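Below: one structure, written as structure tokens.
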Amino acid sequence: MSCLNSQATAMMCPRGMTARIQIALTVTLFAWAGAAMAQKSSADSIAEYRTMLQDGNPADLFEAKGEDLWKQKRGPKNASLEQCDLGKGPGVVKGAWVELPRYFADTGRVQDMESRLLTCMQTLQGFNAEALAKTPFGKDEQNNVTAIATWISAESKGMTFNLSQSHVEERKMYEVGKRLFYLRGGSHDFACATCHAQDDKRIRLQDLPNLTKQPGAANGFGAWPAYRVSNGQMWGMQLRLNDCYRQQRFPYPLFGSEATIALGVYMGVNGKGGDATAPAIKR
Amino acid sequence: MSDPMRIRAQAAGGNATIRVLMSHEMESGQRKDGNGKIIPAWHIQDVTASLNGKPVMTAEWGPAVSKNPFLQFTIKGAKAGDKVAITWKDNRGESRTDEAAVT
């Protein structure tokens, strides 16, 4: 122990030194209190900023476009998506999103909203789902998928999340999602859990939702698709997760991959009872 | 072809609050693409609003306005049932007009 170490006791140090340490400690404490106050107010400011923008959320534009696309006859089969079964029967859109991802008997797997949309676009409209999944985000038909997803989510706005865990595949996907959530790897030895498994974590000045429980899980999962003001883009959950993996320096999971769907099940089930706020607006 | 605007017009206390969302890239002309070439400017230049066919507001916009811009203003004396029309014209000469009734 030395006198420069804050744990050094007064006994071991000359008087002057102790005094200086005490002053230093006081200053540190003030700085901490200041940072805590600034932290709170920046979170408040971001919340205020979001409320102000919410009124003119450009997601509305994508929502309108998505509704049009849903009803429009398109694709090689020149059909609309109006008979698409999102889990509550053909053509039922309201309330479908707060129950997704879920198990679908016709495809024999658990699907989230975006991957289910691809299935409908293939079976009803004759698009090639595999080619659609490979289309980069923000390009061609992928833009339409995002717009339709925005509209579907908006139809469930304000409803509460209620994902089913009754099918064995749904329970399996929850377990897979949980393991992926805690899986550390990549050059930064990162997991989703590194940032999203504790309360009151921040990245830069943004609060991070704790996705392992309520209310964080629904706040996070229930806000996407969302419009990102900083780049003027509409992002669906698939792109959100792809970007999380990019930040973790993981390889990109494919669009509608088992991995991203499993994470969707994990977050969605954790968010049970929470409100669906999508399409939201993000910084 | 451009996407439609979203116009909301609500009457309150003898005035109407108009809120408009426009779908436009609003490229500033300052950004570069992946090859380092400047992306040409492409943005709305003129915005006009009319009430029952009579112009009530004009605005000149430049490259500093955001993508998918939001515009809010008040029209004095507008009542429910009045027609509000918004027109934008961009620097490529494209334009779009959408209309909404005051509620």
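How things are named: the first chain in the structure tokens is A, the next is B, and so on; residues count from 1 in each chain; ligands count from 1 in the order shown.
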Point to revise | 10 Å contact set for segment 15-19 of chain B, only C-alpha atoms, chain neighbours under 4 positions out, as a PyMOL selection string | key: (chain A and resi 55-56) or (chain B and resi 6-11+49+70-80+82+84+86+100+102-103)
Would you export the selected residues with C-alpha atoms as a short mmCIF file (atom, residue, chain, number, x, y, z; two decimals), in the first residue's frame, please?
```cif
data_model
loop_
_atom_site.label_atom_id
_atom_site.label_comp_id
_atom_site.auth_asym_id
_atom_site.auth_seq_id
_atom_site.Cartn_x
_atom_site.Cartn_y
_atom_site.Cartn_z
CA ASP A 55 -46.05 12.77 -34.04
CA GLY A 56 -44.38 12.94 -37.41
CA ARG B 6 -49.59 11.67 -45.31
CA ILE B 7 -51.65 14.74 -44.47
CA ARG B 8 -53.55 15.25 -41.26
CA ALA B 9 -55.63 18.39 -40.83
CA GLN B 10 -57.43 18.99 -37.56
CA ALA B 11 -59.66 21.93 -36.78
CA ALA B 49 -50.25 24.72 -49.33
CA PHE B 70 -42.31 16.46 -41.60
CA LEU B 71 -44.07 19.81 -41.85
CA GLN B 72 -46.52 21.31 -39.40
CA PHE B 73 -48.32 24.64 -39.62
CA THR B 74 -51.60 26.32 -38.72
CA ILE B 75 -54.18 27.75 -41.08
CA LYS B 76 -56.25 30.53 -39.58
CA GLY B 77 -59.98 30.24 -40.04
CA ALA B 78 -60.00 26.76 -41.59
CA LYS B 79 -63.07 24.70 -40.68
CA ALA B 80 -63.96 21.04 -40.77
CA ASP B 82 -62.31 22.40 -45.92
CA VAL B 84 -56.17 21.31 -47.81
CA ILE B 86 -50.08 20.34 -50.43
CA ALA B 100 -56.95 16.02 -47.33
CA VAL B 102 -59.99 19.13 -42.41
CA THR B 103 -61.58 17.06 -39.66
#
```
Taking only C-alpha atoms into account, produce a table as JSON lines in which each residue of chain A with an atom at most 9 Å from an atom of chain B appears once, together with its shortest atom pair and the distance in Å to one decimal, ordered by chain and rising number.
```
{"residue": "A:Asp55", "atom": "CA", "partner": "B:Arg19", "partner_atom": "CA", "distance": 8.8}
{"residue": "A:Gly56", "atom": "CA", "partner": "B:Phe70", "partner_atom": "CA", "distance": 5.8}
{"residue": "A:Asn57", "atom": "CA", "partner": "B:Leu21", "partner_atom": "CA", "distance": 8.1}
{"residue": "A:Pro58", "atom": "CA", "partner": "B:Asn68", "partner_atom": "CA", "distance": 6.3}
{"residue": "A:Asp60", "atom": "CA", "partner": "B:Arg6", "partner_atom": "CA", "distance": 7.5}
{"residue": "A:Leu61", "atom": "CA", "partner": "B:Ser23", "partner_atom": "CA", "distance": 6.7}
{"residue": "A:Ala64", "atom": "CA", "partner": "B:Arg6", "partner_atom": "CA", "distance": 8.5}
{"residue": "A:Lys65", "atom": "CA", "partner": "B:Asp3", "partner_atom": "CA", "distance": 7.6}
{"residue": "A:Val229", "atom": "CA", "partner": "B:Lys67", "partner_atom": "CA", "distance": 8.6}
{"residue": "A:Asn231", "atom": "CA", "partner": "B:Lys67", "partner_atom": "CA", "distance": 8.7}
{"residue": "A:Gly232", "atom": "CA", "partner": "B:Lys67", "partner_atom": "CA", "distance": 6.1}
```
Expected file: the selected residues, N, CA and C atoms, as an mmCIF file, in the first residue's frame:
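So again.cif came out as:
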```
data_model
loop_
_atom_site.group_PDB
_atom_site.id
_atom_site.type_symbol
_atom_site.label_atom_id
_atom_site.label_comp_id
_atom_site.auth_asym_id
_atom_site.auth_seq_id
_atom_site.Cartn_x
_atom_site.Cartn_y
_atom_site.Cartn_z
ATOM 1 N N ASP A 55 -44.906 12.197 -33.352
ATOM 2 C CA ASP A 55 -46.050 12.770 -34.042
ATOM 3 C C ASP A 55 -45.857 12.790 -35.551
ATOM 4 N N GLY A 56 -44.625 12.920 -35.980
ATOM 5 C CA GLY A 56 -44.376 12.943 -37.413
ATOM 6 C C GLY A 56 -43.480 11.778 -37.806
ATOM 7 N N ASN A 57 -43.742 10.619 -37.230
ATOM 8 C CA ASN A 57 -42.899 9.458 -37.492
ATOM 9 C C ASN A 57 -43.000 9.019 -38.960
ATOM 10 N N PRO A 58 -41.898 9.119 -39.715
ATOM 11 C CA PRO A 58 -41.950 8.724 -41.127
ATOM 12 C C PRO A 58 -42.288 7.246 -41.332
ATOM 13 N N ASP A 60 -44.945 6.100 -40.705
ATOM 14 C CA ASP A 60 -46.299 6.203 -41.279
ATOM 15 C C ASP A 60 -46.276 6.033 -42.791
ATOM 16 N N LEU A 61 -45.233 6.584 -43.416
ATOM 17 C CA LEU A 61 -45.131 6.497 -44.878
ATOM 18 C C LEU A 61 -44.949 5.044 -45.308
ATOM 19 N N ALA A 64 -48.190 3.043 -44.782
ATOM 20 C CA ALA A 64 -49.163 3.246 -45.867
ATOM 21 C C ALA A 64 -48.753 2.457 -47.108
ATOM 22 N N LYS A 65 -47.446 2.497 -47.377
ATOM 23 C CA LYS A 65 -46.933 1.760 -48.533
ATOM 24 C C LYS A 65 -47.149 0.255 -48.346
ATOM 25 N N VAL A 229 -33.956 7.719 -37.444
ATOM 26 C CA VAL A 229 -33.818 9.097 -37.903
ATOM 27 C C VAL A 229 -32.406 9.368 -38.429
ATOM 28 N N ASN A 231 -30.266 7.630 -40.049
ATOM 29 C CA ASN A 231 -29.944 7.279 -41.433
ATOM 30 C C ASN A 231 -31.170 7.260 -42.345
ATOM 31 N N GLY A 232 -32.304 7.651 -41.790
ATOM 32 C CA GLY A 232 -33.512 7.735 -42.607
ATOM 33 C C GLY A 232 -33.962 6.400 -43.169
#
```
Point to revise | All alpha helix (DSSP H) residues (DSSP, backbone) inside segment 64-211 of chain A, as an MDAnalysis selection string | key: chainID A and resid 64:71 113:123 129:134 140:154 168:182 192:196
The selected residues should be written to file as a PDB file, in the first residue's frame (atoms: C-alpha atoms).
```pdb
ATOM      1  CA  ALA A  64     -49.163   3.246 -45.867  1.00  0.00           C
ATOM      2  CA  LYS A  65     -46.933   1.760 -48.533  1.00  0.00           C
ATOM      3  CA  GLY A  66     -47.074  -1.638 -46.815  1.00  0.00           C
ATOM      4  CA  GLU A  67     -50.854  -1.640 -46.663  1.00  0.00           C
ATOM      5  CA  ASP A  68     -50.978  -0.866 -50.385  1.00  0.00           C
ATOM      6  CA  LEU A  69     -48.514  -3.647 -51.159  1.00  0.00           C
ATOM      7  CA  TRP A  70     -50.507  -6.122 -49.086  1.00  0.00           C
ATOM      8  CA  LYS A  71     -53.629  -5.476 -51.151  1.00  0.00           C
ATOM      9  CA  MET A 113     -43.242 -12.088 -39.121  1.00  0.00           C
ATOM     10  CA  GLU A 114     -40.689 -11.410 -41.830  1.00  0.00           C
ATOM     11  CA  SER A 115     -39.905 -15.041 -42.633  1.00  0.00           C
ATOM     12  CA  ARG A 116     -43.631 -15.846 -42.666  1.00  0.00           C
ATOM     13  CA  LEU A 117     -44.133 -12.983 -45.082  1.00  0.00           C
ATOM     14  CA  LEU A 118     -41.597 -14.551 -47.439  1.00  0.00           C
ATOM     15  CA  THR A 119     -43.535 -17.833 -47.271  1.00  0.00           C
ATOM     16  CA  CYS A 120     -46.731 -16.002 -48.245  1.00  0.00           C
ATOM     17  CA  MET A 121     -44.990 -14.098 -51.022  1.00  0.00           C
ATOM     18  CA  GLN A 122     -43.766 -17.415 -52.405  1.00  0.00           C
ATOM     19  CA  THR A 123     -46.938 -19.494 -52.059  1.00  0.00           C
ATOM     20  CA  ALA A 129     -38.451 -16.784 -51.107  1.00  0.00           C
ATOM     21  CA  GLU A 130     -34.832 -17.875 -51.144  1.00  0.00           C
ATOM     22  CA  ALA A 131     -33.879 -15.124 -53.583  1.00  0.00           C
ATOM     23  CA  LEU A 132     -35.835 -12.583 -51.516  1.00  0.00           C
ATOM     24  CA  ALA A 133     -33.989 -13.637 -48.361  1.00  0.00           C
ATOM     25  CA  LYS A 134     -30.676 -13.112 -50.151  1.00  0.00           C
ATOM     26  CA  ASP A 140     -35.472  -3.860 -54.413  1.00  0.00           C
ATOM     27  CA  GLU A 141     -38.084  -6.276 -53.093  1.00  0.00           C
ATOM     28  CA  GLN A 142     -36.506  -6.303 -49.626  1.00  0.00           C
ATOM     29  CA  ASN A 143     -37.792  -2.718 -49.205  1.00  0.00           C
ATOM     30  CA  ASN A 144     -41.293  -3.983 -49.866  1.00  0.00           C
ATOM     31  CA  VAL A 145     -40.918  -6.728 -47.283  1.00  0.00           C
ATOM     32  CA  THR A 146     -39.940  -4.097 -44.699  1.00  0.00           C
ATOM     33  CA  ALA A 147     -42.870  -1.865 -45.642  1.00  0.00           C
ATOM     34  CA  ILE A 148     -45.375  -4.722 -45.373  1.00  0.00           C
ATOM     35  CA  ALA A 149     -43.832  -5.790 -42.048  1.00  0.00           C
ATOM     36  CA  THR A 150     -44.230  -2.194 -40.830  1.00  0.00           C
ATOM     37  CA  TRP A 151     -47.922  -2.228 -41.679  1.00  0.00           C
ATOM     38  CA  ILE A 152     -48.506  -5.653 -40.101  1.00  0.00           C
ATOM     39  CA  SER A 153     -46.864  -4.533 -36.855  1.00  0.00           C
ATOM     40  CA  ALA A 154     -48.824  -1.275 -36.874  1.00  0.00           C
ATOM     41  CA  VAL A 168     -42.674 -28.379 -28.678  1.00  0.00           C
ATOM     42  CA  GLU A 169     -40.927 -26.555 -31.544  1.00  0.00           C
ATOM     43  CA  GLU A 170     -41.763 -23.206 -29.939  1.00  0.00           C
ATOM     44  CA  ARG A 171     -40.262 -24.317 -26.645  1.00  0.00           C
ATOM     45  CA  LYS A 172     -37.215 -25.638 -28.473  1.00  0.00           C
ATOM     46  CA  MET A 173     -36.747 -22.321 -30.278  1.00  0.00           C
ATOM     47  CA  TYR A 174     -36.999 -20.460 -26.979  1.00  0.00           C
ATOM     48  CA  GLU A 175     -34.214 -22.619 -25.582  1.00  0.00           C
ATOM     49  CA  VAL A 176     -32.106 -22.160 -28.733  1.00  0.00           C
ATOM     50  CA  GLY A 177     -32.693 -18.411 -28.598  1.00  0.00           C
ATOM     51  CA  LYS A 178     -31.678 -18.276 -24.964  1.00  0.00           C
ATOM     52  CA  ARG A 179     -28.438 -20.113 -25.664  1.00  0.00           C
ATOM     53  CA  LEU A 180     -27.664 -17.862 -28.613  1.00  0.00           C
ATOM     54  CA  PHE A 181     -28.380 -14.857 -26.439  1.00  0.00           C
ATOM     55  CA  TYR A 182     -25.713 -15.931 -23.972  1.00  0.00           C
ATOM     56  CA  CYS A 192     -26.178 -10.334 -26.784  1.00  0.00           C
ATOM     57  CA  ALA A 193     -26.175 -10.747 -23.006  1.00  0.00           C
ATOM     58  CA  THR A 194     -23.051  -8.593 -22.695  1.00  0.00           C
ATOM     59  CA  CYS A 195     -25.151  -5.485 -23.314  1.00  0.00           C
ATOM     60  CA  HIS A 196     -28.726  -6.659 -22.817  1.00  0.00           C
TER      61      HIS A 196
END
```
Point to revise | Nearby residues (only C-alpha atoms) at most 8 Å from segment 51-64 of chain B, same-chain spacing under 4 positions excluded, as a ChimeraX atom specification | key: /B:26-29,41-47,75,78,82-85
Do a neighbour search on segment 260-277 of chain A at 7 Å with only C-alpha atoms, toss out local chain neighbours closer than 6 positions, and write the hits as a CSV table (one decimal) with C-alpha atoms, in the first residue's frame.
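Once written, result_35.csv looks like this:
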```csv
chain,number,residue,atom,x,y,z
A,98,VAL,CA,-48.0,-9.9,-31.0
A,101,PRO,CA,-42.9,-15.9,-33.9
A,111,GLN,CA,-41.4,-18.4,-38.2
A,112,ASP,CA,-41.3,-14.8,-37.3
A,156,SER,CA,-51.2,-4.7,-33.6
A,157,LYS,CA,-50.0,-1.4,-32.1
A,158,GLY,CA,-50.9,-1.1,-28.4
A,159,MET,CA,-51.8,-4.8,-28.0
A,160,THR,CA,-49.9,-7.0,-25.6
A,161,PHE,CA,-47.4,-9.6,-26.4
A,162,ASN,CA,-48.7,-13.1,-26.0
A,163,LEU,CA,-46.4,-15.6,-27.7
A,173,MET,CA,-36.7,-22.3,-30.3
A,174,TYR,CA,-37.0,-20.5,-27.0
A,176,VAL,CA,-32.1,-22.2,-28.7
A,177,GLY,CA,-32.7,-18.4,-28.6
A,178,LYS,CA,-31.7,-18.3,-25.0
A,181,PHE,CA,-28.4,-14.9,-26.4
A,211,LEU,CA,-34.0,-8.2,-22.9
A,212,THR,CA,-34.1,-11.1,-20.4
A,213,LYS,CA,-37.2,-9.9,-18.6
A,214,GLN,CA,-40.0,-7.3,-18.5
A,215,PRO,CA,-40.3,-4.4,-19.2
A,217,ALA,CA,-37.9,-7.4,-23.4
A,218,ALA,CA,-41.1,-5.8,-24.8
A,221,PHE,CA,-38.6,-6.4,-29.1
A,222,GLY,CA,-41.9,-4.6,-29.4
A,223,ALA,CA,-40.4,-1.4,-31.0
A,238,GLN,CA,-34.3,-9.1,-39.0
A,241,LEU,CA,-30.6,-8.5,-35.3
```
Practice item. Measuring atom to atom with only C-alpha atoms, identify which of A:Asn78, A:Gln247, A:Ser166, A:Gln54 is nearest to Pro279 of chain A. Key: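 Looking only at the distances to Pro279 of chain A, the closest residue turns out to be A:Gln54.
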